[in-house]
$ cat final05.cif   # mmCIF, C-alpha atoms
data_run
loop_
_atom_site.group_PDB
_atom_site.id
_atom_site.type_symbol
_atom_site.label_atom_id
_atom_site.label_comp_id
_atom_site.auth_asym_id
_atom_site.auth_seq_id
_atom_site.Cartn_x
_atom_site.Cartn_y
_atom_site.Cartn_z
ATOM 1 C CA MET A 1 26.085 -107.534 82.868
ATOM 2 C CA SER A 2 26.403 -111.282 82.610
ATOM 3 C CA LEU A 3 27.035 -112.247 78.982
ATOM 4 C CA PHE A 4 27.798 -115.424 77.071
ATOM 5 C CA VAL A 5 28.028 -116.292 73.389
ATOM 6 C CA ARG A 6 26.679 -119.357 71.634
ATOM 7 C CA ARG A 7 25.773 -120.535 68.155
ATOM 8 C CA ALA A 8 22.387 -119.343 66.960
ATOM 9 C CA VAL A 9 19.678 -121.933 66.372
ATOM 10 C CA PRO A 10 16.563 -121.735 64.172
ATOM 11 C CA GLU A 11 14.421 -120.952 67.225
ATOM 12 C CA ASP A 12 16.382 -117.690 67.571
ATOM 13 C CA ALA A 13 15.002 -116.263 64.293
ATOM 14 C CA ALA A 14 12.581 -113.786 65.894
ATOM 15 C CA ALA A 15 15.178 -112.553 68.395
ATOM 16 C CA LEU A 16 17.797 -112.176 65.636
ATOM 17 C CA ALA A 17 15.305 -110.129 63.628
ATOM 18 C CA ALA A 18 14.494 -107.921 66.612
ATOM 19 C CA VAL A 19 18.196 -107.191 67.210
ATOM 20 C CA GLU A 20 18.799 -106.493 63.515
ATOM 21 C CA VAL A 21 15.861 -104.085 63.197
ATOM 22 C CA ALA A 22 16.462 -102.225 66.481
ATOM 23 C CA SER A 23 20.167 -101.844 65.791
ATOM 24 C CA SER A 24 19.588 -100.734 62.187
ATOM 25 C CA ARG A 25 17.027 -98.129 63.214
ATOM 26 C CA ALA A 26 19.385 -96.659 65.805
ATOM 27 C CA ALA A 27 22.666 -96.918 63.880
ATOM 28 C CA TYR A 28 21.324 -95.665 60.556
ATOM 29 C CA ARG A 29 18.821 -93.017 61.733
ATOM 30 C CA ASP A 30 21.007 -90.185 60.412
ATOM 31 C CA LEU A 31 21.967 -92.069 57.236
ATOM 32 C CA MET A 32 18.738 -93.545 55.874
ATOM 33 C CA PRO A 33 15.259 -92.060 55.412
ATOM 34 C CA ALA A 34 12.994 -92.439 58.442
ATOM 35 C CA ALA A 35 10.311 -94.079 56.283
ATOM 36 C CA PHE A 36 12.790 -96.697 55.086
ATOM 37 C CA LEU A 37 13.844 -97.549 58.637
ATOM 38 C CA ALA A 38 10.239 -97.538 59.882
ATOM 39 C CA GLY A 39 9.436 -100.012 57.105
ATOM 40 C CA LEU A 40 11.899 -102.600 58.372
ATOM 41 C CA SER A 41 9.800 -105.555 59.449
ATOM 42 C CA ILE A 42 10.755 -107.868 62.281
ATOM 43 C CA GLU A 43 8.385 -110.477 60.831
ATOM 44 C CA GLU A 44 10.047 -110.332 57.391
ATOM 45 C CA LYS A 45 13.539 -110.416 58.891
ATOM 46 C CA ALA A 46 12.557 -113.391 61.070
ATOM 47 C CA GLN A 47 11.304 -115.221 57.980
ATOM 48 C CA ASN A 48 14.609 -114.452 56.233
ATOM 49 C CA TRP A 49 16.516 -115.870 59.209
ATOM 50 C CA ARG A 50 14.363 -119.025 59.193
ATOM 51 C CA GLN A 51 15.097 -119.461 55.479
ATOM 52 C CA ASP A 52 18.815 -118.947 56.083
ATOM 53 C CA PHE A 53 18.823 -121.627 58.777
ATOM 54 C CA ALA A 54 16.971 -124.009 56.459
ATOM 55 C CA ARG A 55 19.541 -123.431 53.683
ATOM 56 C CA HIS A 56 22.673 -123.763 55.813
ATOM 57 C CA THR A 57 23.547 -126.730 57.948
ATOM 58 C CA PRO A 58 24.924 -126.014 61.430
ATOM 59 C CA SER A 59 28.233 -127.644 60.439
ATOM 60 C CA GLY A 60 28.577 -125.434 57.363
ATOM 61 C CA ARG A 61 31.099 -122.651 56.914
ATOM 62 C CA GLU A 62 28.562 -119.876 57.456
ATOM 63 C CA ARG A 63 28.145 -119.287 61.162
ATOM 64 C CA VAL A 64 25.841 -117.135 63.255
ATOM 65 C CA THR A 65 26.718 -116.449 66.879
ATOM 66 C CA VAL A 66 24.555 -114.667 69.417
ATOM 67 C CA ALA A 67 25.423 -112.771 72.582
ATOM 68 C CA VAL A 68 23.000 -113.573 75.372
ATOM 69 C CA GLY A 69 22.463 -111.367 78.407
ATOM 70 C CA GLU A 70 19.926 -111.409 81.221
ATOM 71 C CA ALA A 71 17.192 -110.160 78.866
ATOM 72 C CA GLY A 72 17.935 -112.717 76.143
ATOM 73 C CA ILE A 73 19.739 -112.211 72.839
ATOM 74 C CA VAL A 74 21.375 -108.770 72.733
ATOM 75 C CA GLY A 75 23.669 -109.127 69.720
ATOM 76 C CA LEU A 76 24.649 -111.250 66.756
ATOM 77 C CA VAL A 77 27.468 -111.779 64.310
ATOM 78 C CA SER A 78 27.253 -113.686 61.031
ATOM 79 C CA VAL A 79 30.414 -114.809 59.226
ATOM 80 C CA GLY A 80 31.420 -117.010 56.329
ATOM 81 C CA PRO A 81 33.870 -117.421 53.476
ATOM 82 C CA VAL A 82 34.438 -114.860 50.736
ATOM 83 C CA LEU A 83 33.612 -116.800 47.591
ATOM 84 C CA GLU A 84 36.067 -114.860 45.408
ATOM 85 C CA GLU A 85 38.978 -115.222 47.859
ATOM 86 C CA ALA A 86 39.702 -118.757 49.002
ATOM 87 C CA GLU A 87 41.466 -117.822 52.231
ATOM 88 C CA ALA A 88 39.347 -114.840 53.250
ATOM 89 C CA GLY A 89 36.316 -114.671 55.487
ATOM 90 C CA ILE A 90 33.640 -112.003 55.690
ATOM 91 C CA VAL A 91 31.667 -110.523 58.537
ATOM 92 C CA TYR A 92 28.218 -110.377 56.941
ATOM 93 C CA LEU A 93 26.475 -108.759 59.906
ATOM 94 C CA LEU A 94 27.328 -107.540 63.378
ATOM 95 C CA TYR A 95 24.425 -106.020 65.295
ATOM 96 C CA VAL A 96 24.034 -105.156 68.974
ATOM 97 C CA MET A 97 20.926 -103.824 70.706
ATOM 98 C CA PRO A 98 21.478 -100.052 71.090
ATOM 99 C CA GLU A 99 21.083 -100.126 74.869
ATOM 100 C CA HIS A 100 24.127 -102.455 74.978
ATOM 101 C CA TRP A 101 26.434 -100.380 72.753
ATOM 102 C CA GLY A 102 29.743 -99.773 74.486
ATOM 103 C CA GLY A 103 29.170 -102.570 76.994
ATOM 104 C CA GLY A 104 31.468 -105.237 75.550
ATOM 105 C CA VAL A 105 28.893 -107.142 73.491
ATOM 106 C CA GLY A 106 30.399 -106.081 70.153
ATOM 107 C CA LYS A 107 33.891 -106.975 71.383
ATOM 108 C CA ALA A 108 32.751 -110.452 72.449
ATOM 109 C CA LEU A 109 31.099 -111.000 69.072
ATOM 110 C CA MET A 110 34.128 -109.717 67.136
ATOM 111 C CA ASN A 111 36.421 -112.016 69.124
ATOM 112 C CA THR A 112 34.145 -114.936 68.269
ATOM 113 C CA ALA A 113 34.139 -113.968 64.581
ATOM 114 C CA MET A 114 37.940 -113.900 64.498
ATOM 115 C CA ALA A 115 38.078 -117.289 66.264
ATOM 116 C CA ASP A 116 35.669 -118.670 63.653
ATOM 117 C CA PHE A 117 37.899 -117.380 60.846
ATOM 118 C CA ARG A 118 40.926 -119.057 62.462
ATOM 119 C CA ASP A 119 38.919 -122.266 62.829
ATOM 120 C CA MET A 120 37.978 -122.099 59.124
ATOM 121 C CA GLY A 121 41.618 -121.652 58.124
ATOM 122 C CA MET A 122 41.180 -118.075 56.899
ATOM 123 C CA SER A 123 44.221 -115.808 56.778
ATOM 124 C CA GLU A 124 42.304 -112.582 56.131
ATOM 125 C CA ALA A 125 38.880 -111.122 56.884
ATOM 126 C CA VAL A 126 36.765 -108.408 55.276
ATOM 127 C CA LEU A 127 33.619 -106.480 56.111
ATOM 128 C CA TRP A 128 31.671 -103.584 54.629
ATOM 129 C CA VAL A 129 30.679 -100.482 56.590
ATOM 130 C CA PHE A 130 28.890 -97.307 55.521
ATOM 131 C CA ARG A 131 31.339 -94.465 54.925
ATOM 132 C CA ASP A 132 29.286 -92.146 57.149
ATOM 133 C CA ASN A 133 28.751 -94.649 59.969
ATOM 134 C CA HIS A 134 31.557 -93.166 62.036
ATOM 135 C CA ARG A 135 30.645 -95.024 65.231
ATOM 136 C CA ALA A 136 30.962 -98.411 63.498
ATOM 137 C CA ARG A 137 34.139 -97.381 61.701
ATOM 138 C CA ARG A 138 35.758 -96.374 65.029
ATOM 139 C CA PHE A 139 34.694 -99.709 66.517
ATOM 140 C CA TYR A 140 36.239 -101.727 63.672
ATOM 141 C CA GLU A 141 39.406 -99.626 63.553
ATOM 142 C CA LYS A 142 39.896 -100.263 67.273
ATOM 143 C CA PHE A 143 40.182 -103.968 66.377
ATOM 144 C CA GLY A 144 42.734 -103.420 63.618
ATOM 145 C CA TRP A 145 40.419 -103.219 60.604
ATOM 146 C CA GLN A 146 41.507 -100.817 57.843
ATOM 147 C CA ALA A 147 39.794 -99.566 54.685
ATOM 148 C CA ASP A 148 41.341 -101.240 51.630
ATOM 149 C CA GLY A 149 40.139 -98.720 49.021
ATOM 150 C CA GLN A 150 37.202 -100.725 47.652
ATOM 151 C CA THR A 151 33.796 -99.032 47.727
ATOM 152 C CA SER A 152 30.247 -99.996 46.887
ATOM 153 C CA THR A 153 27.038 -97.970 46.598
ATOM 154 C CA ARG A 154 23.429 -98.984 47.112
ATOM 155 C CA ASP A 155 20.078 -97.227 47.317
ATOM 156 C CA TYR A 156 18.210 -97.246 50.631
ATOM 157 C CA GLY A 157 14.771 -95.689 50.276
ATOM 158 C CA GLY A 158 15.930 -93.088 47.758
ATOM 159 C CA VAL A 159 19.258 -92.322 49.447
ATOM 160 C CA THR A 160 22.430 -93.703 47.892
ATOM 161 C CA LEU A 161 24.960 -94.760 50.501
ATOM 162 C CA GLU A 162 28.584 -95.642 49.972
ATOM 163 C CA ALA A 163 30.141 -98.537 51.848
ATOM 164 C CA LEU A 164 33.839 -99.066 52.423
ATOM 165 C CA CYS A 165 35.542 -102.434 52.460
ATOM 166 C CA TYR A 166 37.590 -102.994 55.596
ATOM 167 C CA ARG A 167 40.183 -105.739 55.846
ATOM 168 C CA ARG A 168 42.475 -107.256 58.467
ATOM 169 C CA ALA A 169 44.687 -110.258 58.980
ATOM 170 C CA VAL A 170 43.414 -113.222 60.968
ATOM 171 C CA GLU A 171 46.010 -113.927 63.622
ATOM 172 C CA THR A 172 46.830 -117.571 64.215
#

$ encode --input "final05.cif" --output "structure tokens"
Amino acid sequence: MSLFVRRAVPEDAAALAAVEVASSRAAYRDLMPAAFLAGLSIEEKAQNWRQDFARHTPSGRERVTVAVGEAGIVGLVSVGPVLEEAEAGIVYLLYVMPEHWGGGVGKALMNTAMADFRDMGMSEAVLWVFRDNHRARRFYEKFGWQADGQTSTRDYGGVTLEALCYRRAVET
């Protein structure tokens, strides 16, 4: 598959939403209630993305990168600074269309995220992943991420899920 990465633009909002919803439905199908996942709205997510683009300038420290294949946008990663830690960045989101899992899209996006953190002068990066999302945890661990002991819980359609904080150094 031919693949390239580029910065997302406001016109990508609908495609970003489609990737986010499709990936969430596939990745979380055994973690979250079916009704909750079925209720995810591409239209609402697209509106959220449009609002995010309106709030953040392209030169800002929050960055969204997309992976583009023959069929269009097949993945995304969103990164920015951790407000409580001056020299740490956070991976807010990393989603890949399920039919492209295992095909190098996630790796390309993770490499871009780490390059963005270096560019922003970050020495460390964090992300949050559901404790029971073993596929994602294996993916992150392959790239040197490790759980740091912090946890967080949140309700998703009546199911409380625990997330683990993963952390790694940003190599210069």

$ closest_residue --input "final05.cif" --among "A:Met32, A:Ala18, A:Val66, A:Ile73" --to "A:Val159" --atoms "only C-alpha atoms"
A:Met32

$ resolve_selection --input "final05.cif" --expression "the PyMOL selection byres ((chain A and resi 62-64) around 7)" --output "PyMOL selection string"
chain A and resi 7-8+60-61+65-66+76-80

$ residues_around --input "final05.cif" --residues "A:Tyr156" --least-positions-apart "4" --cutoff "8 Å" --atoms "all atoms listed in the file" --output "MDAnalysis selection string"
chainID A and resid 32:33 36 160:161

$ closest_residue --input "final05.cif" --among "A:Val105, A:Leu94, A:Gly89, A:Gly144" --to "A:Asp119" --atoms "only C-alpha atoms"
A:Gly89

$ atom_distance --input "final05.cif" --atom1 "atom CA of A:Trp145" --atom2 "atom CA of A:Leu83"
20.0 Å

$ resolve_selection --input "final05.cif" --expression "the PyMOL selection byres ((chain A and resi 97) around 6)" --output "JSON, numbers by chain"
{"A": [19, 23, 74, 96, 98, 99, 100]}

$ residues_near_point --input "final05.cif" --point "(30.1, -103.4, 50.7)" --cutoff "7 Å" --atoms "all atoms listed in the file" --output "PDB file with C-alpha atoms, keeping the file's coordinate frame"
ATOM      1  CA  TRP A 128      31.671-103.584  54.629  1.00  0.00           C
ATOM      2  CA  VAL A 129      30.679-100.482  56.590  1.00  0.00           C
ATOM      3  CA  THR A 151      33.796 -99.032  47.727  1.00  0.00           C
ATOM      4  CA  SER A 152      30.247 -99.996  46.887  1.00  0.00           C
ATOM      5  CA  ALA A 163      30.141 -98.537  51.848  1.00  0.00           C
ATOM      6  CA  LEU A 164      33.839 -99.066  52.423  1.00  0.00           C
ATOM      7  CA  CYS A 165      35.542-102.434  52.460  1.00  0.00           C
TER       8      CYS A 165
END

$ resolve_selection --input "final05.cif" --expression "the PyMOL selection byres ((chain A and resi 169) around 9)" --output "PDB file with C-alpha atoms, keeping the file's coordinate frame"
ATOM      1  CA  MET A 122      41.180-118.075  56.899  1.00  0.00           C
ATOM      2  CA  SER A 123      44.221-115.808  56.778  1.00  0.00           C
ATOM      3  CA  GLU A 124      42.304-112.582  56.131  1.00  0.00           C
ATOM      4  CA  ALA A 125      38.880-111.122  56.884  1.00  0.00           C
ATOM      5  CA  VAL A 126      36.765-108.408  55.276  1.00  0.00           C
ATOM      6  CA  GLY A 144      42.734-103.420  63.618  1.00  0.00           C
ATOM      7  CA  TRP A 145      40.419-103.219  60.604  1.00  0.00           C
ATOM      8  CA  ARG A 167      40.183-105.739  55.846  1.00  0.00           C
ATOM      9  CA  ARG A 168      42.475-107.256  58.467  1.00  0.00           C
ATOM     10  CA  VAL A 170      43.414-113.222  60.968  1.00  0.00           C
ATOM     11  CA  GLU A 171      46.010-113.927  63.622  1.00  0.00           C
TER      12      GLU A 171
END

$ closest_residue --input "final05.cif" --among "A:Gly75, A:Leu31, A:Gly39, A:Ala86" --to "A:Ala15" --atoms "all atoms listed in the file"
A:Gly75

$ closest_residue --input "final05.cif" --among "A:Arg131, A:Ala88, A:Leu37, A:Asp116" --to "A:Gly157" --atoms "all atoms listed in the file"
A:Leu37

$ atom_distance --input "final05.cif" --atom1 "atom CA of A:Asn111" --atom2 "atom CA of A:Glu70"
20.5 Å

$ closest_residue --input "final05.cif" --among "A:Thr153, A:Gln51, A:Leu127, A:Thr112" --to "A:Val82" --atoms "only C-alpha atoms"
A:Leu127

$ closest_residue --input "final05.cif" --among "A:Tyr28, A:Trp101, A:Phe117, A:Tyr166" --to "A:Gly149" --atoms "all atoms listed in the file"
A:Tyr166

$ atom_distance --input "final05.cif" --atom1 "atom CA of A:Met120" --atom2 "atom CA of A:Gly103"
27.9 Å
